[in-house]
$ cat my_file-v3.txt   # compact mmCIF, N, CA and C atoms
# COMPACT_ATOMS: atom_id res chain seq x y z
N VAL V 1 -232.55 3.29 18.11
CA VAL V 1 -233.45 3.59 17.01
C VAL V 1 -234.86 3.17 17.44
N SER V 2 -235.80 4.08 17.28
CA SER V 2 -237.18 3.74 17.62
C SER V 2 -237.99 3.57 16.33
N PHE V 3 -239.03 2.79 16.43
CA PHE V 3 -239.88 2.50 15.28
C PHE V 3 -241.32 2.81 15.63
N LYS V 4 -242.06 3.34 14.66
CA LYS V 4 -243.45 3.73 14.90
C LYS V 4 -244.38 2.53 14.92
N ASN V 5 -244.01 1.49 14.15
CA ASN V 5 -244.86 0.30 14.10
C ASN V 5 -244.02 -0.89 13.63
N ALA V 6 -244.63 -2.04 13.62
CA ALA V 6 -243.92 -3.27 13.24
C ALA V 6 -243.48 -3.22 11.78
N CYS V 7 -244.28 -2.61 10.94
CA CYS V 7 -243.93 -2.54 9.51
C CYS V 7 -242.64 -1.76 9.30
N SER V 8 -242.48 -0.63 9.97
CA SER V 8 -241.25 0.16 9.81
C SER V 8 -240.05 -0.60 10.38
N PHE V 9 -240.26 -1.34 11.45
CA PHE V 9 -239.19 -2.16 12.01
C PHE V 9 -238.76 -3.24 11.03
N LEU V 10 -239.73 -3.94 10.44
CA LEU V 10 -239.40 -5.01 9.50
C LEU V 10 -238.73 -4.48 8.24
N LYS V 11 -239.13 -3.29 7.78
CA LYS V 11 -238.47 -2.68 6.63
C LYS V 11 -237.01 -2.40 6.96
N HIS V 12 -236.75 -1.93 8.16
CA HIS V 12 -235.38 -1.67 8.58
C HIS V 12 -234.58 -2.98 8.63
N VAL V 13 -235.16 -4.01 9.18
CA VAL V 13 -234.48 -5.31 9.26
C VAL V 13 -234.16 -5.82 7.85
N ASP V 14 -235.11 -5.70 6.93
CA ASP V 14 -234.90 -6.16 5.56
C ASP V 14 -233.80 -5.39 4.84
N SER V 15 -233.54 -4.16 5.26
CA SER V 15 -232.52 -3.34 4.60
C SER V 15 -231.11 -3.64 5.10
N LEU V 16 -230.98 -4.39 6.18
CA LEU V 16 -229.67 -4.70 6.73
C LEU V 16 -228.93 -5.71 5.84
N TYR V 17 -227.60 -5.60 5.83
CA TYR V 17 -226.79 -6.55 5.07
C TYR V 17 -226.93 -7.93 5.70
N SER V 18 -227.13 -8.94 4.88
CA SER V 18 -227.41 -10.27 5.41
C SER V 18 -226.20 -11.19 5.46
N GLY V 19 -225.08 -10.80 4.87
CA GLY V 19 -223.89 -11.64 4.92
C GLY V 19 -223.95 -12.76 3.90
N PRO V 20 -223.09 -13.77 4.07
CA PRO V 20 -223.06 -14.90 3.14
C PRO V 20 -224.41 -15.60 3.07
N GLY V 21 -224.67 -16.20 1.93
CA GLY V 21 -225.97 -16.84 1.71
C GLY V 21 -226.14 -18.13 2.51
N TRP V 22 -227.39 -18.46 2.72
CA TRP V 22 -227.76 -19.68 3.42
C TRP V 22 -228.08 -20.78 2.41
N THR V 23 -227.82 -22.03 2.76
CA THR V 23 -228.25 -23.17 1.97
C THR V 23 -229.04 -24.10 2.89
N CYS V 24 -229.97 -24.82 2.29
CA CYS V 24 -230.80 -25.75 3.06
C CYS V 24 -230.61 -27.15 2.51
N GLN V 25 -230.40 -28.08 3.41
CA GLN V 25 -230.24 -29.48 3.04
C GLN V 25 -231.23 -30.29 3.87
N MET V 26 -231.97 -31.16 3.22
CA MET V 26 -232.90 -32.03 3.91
C MET V 26 -232.14 -33.28 4.36
N ILE V 27 -232.27 -33.62 5.65
CA ILE V 27 -231.59 -34.80 6.18
C ILE V 27 -232.60 -35.70 6.88
N ASP V 28 -232.40 -36.99 6.75
CA ASP V 28 -233.24 -37.98 7.44
C ASP V 28 -232.52 -38.44 8.69
N VAL V 29 -233.21 -38.37 9.82
CA VAL V 29 -232.63 -38.80 11.08
C VAL V 29 -233.48 -39.92 11.68
N GLU V 30 -232.81 -40.82 12.37
CA GLU V 30 -233.48 -41.93 13.03
C GLU V 30 -233.40 -41.71 14.53
N GLY V 31 -234.54 -41.78 15.18
CA GLY V 31 -234.58 -41.54 16.62
C GLY V 31 -234.29 -42.79 17.43
N ASP V 32 -234.52 -42.67 18.73
CA ASP V 32 -234.30 -43.81 19.61
C ASP V 32 -235.62 -44.35 20.17
N MET V 33 -236.74 -43.85 19.64
CA MET V 33 -238.06 -44.34 20.06
C MET V 33 -238.64 -45.23 18.97
N GLU V 34 -239.27 -46.30 19.40
CA GLU V 34 -239.89 -47.22 18.45
C GLU V 34 -241.34 -46.82 18.21
N GLY V 35 -241.77 -47.01 16.98
CA GLY V 35 -243.17 -46.81 16.65
C GLY V 35 -243.98 -48.03 17.06
N GLU V 36 -245.27 -48.01 16.73
CA GLU V 36 -246.15 -49.13 17.08
C GLU V 36 -245.75 -50.41 16.38
N ASP V 37 -245.06 -50.27 15.24
CA ASP V 37 -244.62 -51.45 14.48
C ASP V 37 -243.27 -51.98 14.95
N GLY V 38 -242.67 -51.37 15.99
CA GLY V 38 -241.40 -51.83 16.52
C GLY V 38 -240.18 -51.29 15.80
N VAL V 39 -240.41 -50.48 14.78
CA VAL V 39 -239.31 -49.89 14.02
C VAL V 39 -239.00 -48.51 14.59
N LEU V 40 -237.71 -48.15 14.64
CA LEU V 40 -237.32 -46.84 15.14
C LEU V 40 -237.95 -45.74 14.29
N LYS V 41 -238.45 -44.71 14.95
CA LYS V 41 -239.08 -43.60 14.25
C LYS V 41 -238.04 -42.80 13.48
N GLN V 42 -238.46 -42.26 12.33
CA GLN V 42 -237.60 -41.44 11.49
C GLN V 42 -238.28 -40.11 11.21
N GLU V 43 -237.47 -39.11 10.93
CA GLU V 43 -238.00 -37.78 10.64
C GLU V 43 -237.07 -37.09 9.64
N THR V 44 -237.66 -36.30 8.74
CA THR V 44 -236.88 -35.50 7.81
C THR V 44 -236.80 -34.08 8.37
N LEU V 45 -235.57 -33.56 8.47
CA LEU V 45 -235.34 -32.23 9.04
C LEU V 45 -234.65 -31.33 8.03
N GLU V 46 -234.83 -30.02 8.20
CA GLU V 46 -234.11 -29.04 7.40
C GLU V 46 -232.83 -28.66 8.14
N LEU V 47 -231.70 -28.72 7.45
CA LEU V 47 -230.43 -28.28 8.02
C LEU V 47 -230.01 -27.02 7.26
N TRP V 48 -230.11 -25.87 7.92
CA TRP V 48 -229.72 -24.59 7.33
C TRP V 48 -228.28 -24.31 7.70
N GLN V 49 -227.48 -23.92 6.71
CA GLN V 49 -226.07 -23.70 6.97
C GLN V 49 -225.49 -22.63 6.06
N ARG V 50 -224.37 -22.07 6.51
CA ARG V 50 -223.59 -21.12 5.72
C ARG V 50 -222.20 -21.70 5.52
N ASP V 51 -221.55 -21.27 4.45
CA ASP V 51 -220.18 -21.70 4.19
C ASP V 51 -219.27 -21.02 5.21
N PRO V 52 -218.58 -21.78 6.07
CA PRO V 52 -217.75 -21.15 7.11
C PRO V 52 -216.60 -20.33 6.53
N VAL V 53 -216.08 -20.70 5.37
CA VAL V 53 -215.00 -19.92 4.75
C VAL V 53 -215.53 -18.55 4.35
N GLU V 54 -216.72 -18.50 3.74
CA GLU V 54 -217.33 -17.22 3.38
C GLU V 54 -217.60 -16.37 4.62
N CYS V 55 -218.02 -17.00 5.69
CA CYS V 55 -218.28 -16.26 6.94
C CYS V 55 -217.00 -15.64 7.48
N MET V 56 -215.91 -16.39 7.47
CA MET V 56 -214.63 -15.87 7.96
C MET V 56 -214.12 -14.75 7.06
N GLU V 57 -214.27 -14.91 5.74
CA GLU V 57 -213.86 -13.85 4.82
C GLU V 57 -214.64 -12.58 5.09
N GLU V 58 -215.93 -12.72 5.37
CA GLU V 58 -216.78 -11.57 5.67
C GLU V 58 -216.33 -10.89 6.97
N LEU V 59 -216.07 -11.68 7.99
CA LEU V 59 -215.64 -11.12 9.27
C LEU V 59 -214.28 -10.43 9.17
N LEU V 60 -213.33 -11.09 8.52
CA LEU V 60 -211.98 -10.54 8.43
C LEU V 60 -211.91 -9.34 7.49
N GLY V 61 -212.82 -9.28 6.51
CA GLY V 61 -212.81 -8.19 5.55
C GLY V 61 -213.67 -7.01 5.96
N ASN V 62 -214.33 -7.09 7.10
CA ASN V 62 -215.23 -6.02 7.55
C ASN V 62 -214.46 -5.09 8.49
N PRO V 63 -214.19 -3.85 8.06
CA PRO V 63 -213.43 -2.94 8.92
C PRO V 63 -214.17 -2.53 10.19
N ALA V 64 -215.47 -2.69 10.22
CA ALA V 64 -216.24 -2.33 11.42
C ALA V 64 -215.98 -3.30 12.56
N LEU V 65 -215.49 -4.48 12.24
CA LEU V 65 -215.22 -5.48 13.28
C LEU V 65 -213.76 -5.47 13.61

$ encode --input "my_file-v3.txt" --output "C-alpha cells"
Amino acid sequence: VSFKNACSFLKHVDSLYSGPGWTCQMIDVEGDMEGEDGVLKQETLELWQRDPVECMEELLGNPAL
C-alpha cells in the first residue's frame, strides 16, 4: 500500500484495529547510583501494559491468525 503523504498514512494507521486496551501504571524505581546527598536516586516511570488473558483471547479468536 502506498501513501501520498504522512497524513494519509496516519489516517490509515488510526483506522486499524488496536486490540485489547492499554493501561498505564506509575511506578517508583530506585537506582544503584547515589545522588549528591548520598541517597540512592529514584525515578517515577510509566508502565504500559495489556491484560495477557485479553491478548490471548484476541489471538485465539482471530481467524486470520

$ atom_distance --input "my_file-v3.txt" --atom1 "CA of Thr23 in chain V" --atom2 "atom C of Asp51 in chain V"
9.8 Å

$ select_by_dssp --input "my_file-v3.txt" --residues "range 15-61 of chain V" --states "helix (DSSP H, G or I)" --output "PyMOL selection string"
chain V and resi 15+52-61

$ select_by_dssp --input "my_file-v3.txt" --residues "chain V" --states "strand (DSSP E)" --output "PyMOL selection string"
chain V and resi 22-34+40-50

$ write_last_selection --input "my_file-v3.txt" --atoms "N, CA and C atoms" --output "compact mmCIF listing (two decimals), keeping the file's coordinate frame"
# COMPACT_ATOMS: atom_id res chain seq x y z
N TRP V 22 -227.39 -18.46 2.72
CA TRP V 22 -227.76 -19.68 3.42
C TRP V 22 -228.08 -20.78 2.41
N THR V 23 -227.82 -22.03 2.76
CA THR V 23 -228.25 -23.17 1.97
C THR V 23 -229.04 -24.10 2.89
N CYS V 24 -229.97 -24.82 2.29
CA CYS V 24 -230.80 -25.75 3.06
C CYS V 24 -230.61 -27.15 2.51
N GLN V 25 -230.40 -28.08 3.41
CA GLN V 25 -230.24 -29.48 3.04
C GLN V 25 -231.23 -30.29 3.87
N MET V 26 -231.97 -31.16 3.22
CA MET V 26 -232.90 -32.03 3.91
C MET V 26 -232.14 -33.28 4.36
N ILE V 27 -232.27 -33.62 5.65
CA ILE V 27 -231.59 -34.80 6.18
C ILE V 27 -232.60 -35.70 6.88
N ASP V 28 -232.40 -36.99 6.75
CA ASP V 28 -233.24 -37.98 7.44
C ASP V 28 -232.52 -38.44 8.69
N VAL V 29 -233.21 -38.37 9.82
CA VAL V 29 -232.63 -38.80 11.08
C VAL V 29 -233.48 -39.92 11.68
N GLU V 30 -232.81 -40.82 12.37
CA GLU V 30 -233.48 -41.93 13.03
C GLU V 30 -233.40 -41.71 14.53
N GLY V 31 -234.54 -41.78 15.18
CA GLY V 31 -234.58 -41.54 16.62
C GLY V 31 -234.29 -42.79 17.43
N ASP V 32 -234.52 -42.67 18.73
CA ASP V 32 -234.30 -43.81 19.61
C ASP V 32 -235.62 -44.35 20.17
N MET V 33 -236.74 -43.85 19.64
CA MET V 33 -238.06 -44.34 20.06
C MET V 33 -238.64 -45.23 18.97
N GLU V 34 -239.27 -46.30 19.40
CA GLU V 34 -239.89 -47.22 18.45
C GLU V 34 -241.34 -46.82 18.21
N LEU V 40 -237.71 -48.15 14.64
CA LEU V 40 -237.32 -46.84 15.14
C LEU V 40 -237.95 -45.74 14.29
N LYS V 41 -238.45 -44.71 14.95
CA LYS V 41 -239.08 -43.60 14.25
C LYS V 41 -238.04 -42.80 13.48
N GLN V 42 -238.46 -42.26 12.33
CA GLN V 42 -237.60 -41.44 11.49
C GLN V 42 -238.28 -40.11 11.21
N GLU V 43 -237.47 -39.11 10.93
CA GLU V 43 -238.00 -37.78 10.64
C GLU V 43 -237.07 -37.09 9.64
N THR V 44 -237.66 -36.30 8.74
CA THR V 44 -236.88 -35.50 7.81
C THR V 44 -236.80 -34.08 8.37
N LEU V 45 -235.57 -33.56 8.47
CA LEU V 45 -235.34 -32.23 9.04
C LEU V 45 -234.65 -31.33 8.03
N GLU V 46 -234.83 -30.02 8.20
CA GLU V 46 -234.11 -29.04 7.40
C GLU V 46 -232.83 -28.66 8.14
N LEU V 47 -231.70 -28.72 7.45
CA LEU V 47 -230.43 -28.28 8.02
C LEU V 47 -230.01 -27.02 7.26
N TRP V 48 -230.11 -25.87 7.92
CA TRP V 48 -229.72 -24.59 7.33
C TRP V 48 -228.28 -24.31 7.70
N GLN V 49 -227.48 -23.92 6.71
CA GLN V 49 -226.07 -23.70 6.97
C GLN V 49 -225.49 -22.63 6.06
N ARG V 50 -224.37 -22.07 6.51
CA ARG V 50 -223.59 -21.12 5.72
C ARG V 50 -222.20 -21.70 5.52

$ atom_distance --input "my_file-v3.txt" --atom1 "CA of Leu59 in chain V" --atom2 "CA of Gly19 in chain V"
9.3 Å

$ closest_residue --input "my_file-v3.txt" --among "V:Met26, V:Glu34, V:Asn62, V:Ser8" --to "Glu46 in chain V" --atoms "only C-alpha atoms"
V:Met26

$ atom_distance --input "my_file-v3.txt" --atom1 "atom C of Glu57 in chain V" --atom2 "atom N of Leu10 in chain V"
27.1 Å

$ closest_residue --input "my_file-v3.txt" --among "V:Phe3, V:Lys11, V:Thr44, V:Val53" --to "Gln25 in chain V" --atoms "only C-alpha atoms"
V:Thr44

$ closest_residue --input "my_file-v3.txt" --among "V:Met33, V:Cys24, V:Leu16, V:Ala6" --to "Arg50 in chain V" --atoms "only C-alpha atoms"
V:Cys24

$ closest_residue --input "my_file-v3.txt" --among "V:Ser2, V:Trp22, V:Glu58, V:Val29" --to "Leu45 in chain V" --atoms "only N, CA and C atoms"
V:Val29

$ axis_aligned_box --input "my_file-v3.txt" --around "range 1-17 of chain V" --padding-each-side "4 Å" --output "AutoDock Vina command-line options"
--center_x -235.8 --center_y -1.9 --center_z 11.4 --size_x 26.1 --size_y 20.0 --size_z 21.5

$ decode --input "my_file-v3.txt" --residues "chain V" --atoms "C-alpha atoms" --output "compact mmCIF listing (two decimals), in the first residue's frame"
# COMPACT_ATOMS: atom_id res chain seq x y z
CA VAL V 1 0.00 0.00 0.00
CA SER V 2 1.42 3.38 -0.95
CA PHE V 3 0.56 6.70 0.65
CA LYS V 4 0.63 10.16 -0.89
CA ASN V 5 1.70 11.88 2.31
CA ALA V 6 2.18 11.39 6.04
CA CYS V 7 -1.38 12.47 6.80
CA SER V 8 -2.92 9.72 4.66
CA PHE V 9 -0.56 7.19 6.24
CA LEU V 10 -1.52 8.25 9.77
CA LYS V 11 -5.23 8.12 8.89
CA HIS V 12 -4.73 4.55 7.72
CA VAL V 13 -2.86 3.65 10.92
CA ASP V 14 -5.64 5.17 13.04
CA SER V 15 -8.25 3.07 11.21
CA LEU V 16 -6.55 -0.23 12.09
CA TYR V 17 -7.97 -2.41 14.86
CA SER V 18 -5.98 -1.76 18.01
CA GLY V 19 -6.74 -4.92 20.00
CA PRO V 20 -7.17 -5.05 23.78
CA GLY V 21 -6.88 -1.78 25.64
CA TRP V 22 -3.76 -0.45 27.29
CA THR V 23 -3.47 0.59 30.94
CA CYS V 24 -0.81 2.80 32.47
CA GLN V 25 0.57 2.43 35.96
CA MET V 26 3.06 4.81 37.53
CA ILE V 27 5.85 3.00 39.40
CA ASP V 28 8.68 4.34 41.54
CA VAL V 29 12.05 2.71 41.00
CA GLU V 30 15.26 3.08 42.96
CA GLY V 31 18.52 3.05 41.07
CA ASP V 32 22.01 1.99 42.03
CA MET V 33 23.57 5.46 41.74
CA GLU V 34 23.81 7.80 44.69
CA GLY V 35 22.90 11.45 44.50
CA GLU V 36 24.98 14.27 45.97
CA ASP V 37 23.28 13.67 49.31
CA GLY V 38 24.40 10.01 49.39
CA VAL V 39 20.88 8.67 48.91
CA LEU V 40 20.10 6.32 46.02
CA LYS V 41 18.44 8.13 43.14
CA GLN V 42 14.75 7.44 42.46
CA GLU V 43 12.61 7.93 39.39
CA THR V 44 8.91 7.60 38.57
CA LEU V 45 8.25 5.63 35.37
CA GLU V 46 5.19 4.81 33.28
CA LEU V 47 4.48 1.08 32.93
CA TRP V 48 2.18 0.46 29.95
CA GLN V 49 0.57 -2.95 29.85
CA ARG V 50 -2.21 -5.05 28.38
CA ASP V 51 -4.18 -7.83 30.03
CA PRO V 52 -2.47 -11.04 28.80
CA VAL V 53 -5.73 -13.01 29.01
CA GLU V 54 -7.46 -10.50 26.71
CA CYS V 55 -4.49 -10.68 24.32
CA MET V 56 -4.69 -14.48 24.15
CA GLU V 57 -8.46 -14.38 23.64
CA GLU V 58 -7.92 -11.94 20.78
CA LEU V 59 -5.24 -14.10 19.17
CA LEU V 60 -7.15 -17.37 19.54
CA GLY V 61 -10.42 -15.82 18.37
CA ASN V 62 -8.95 -14.20 15.25
CA PRO V 63 -9.48 -16.45 12.20
CA ALA V 64 -6.83 -14.53 10.25
CA LEU V 65 -4.16 -15.92 12.57
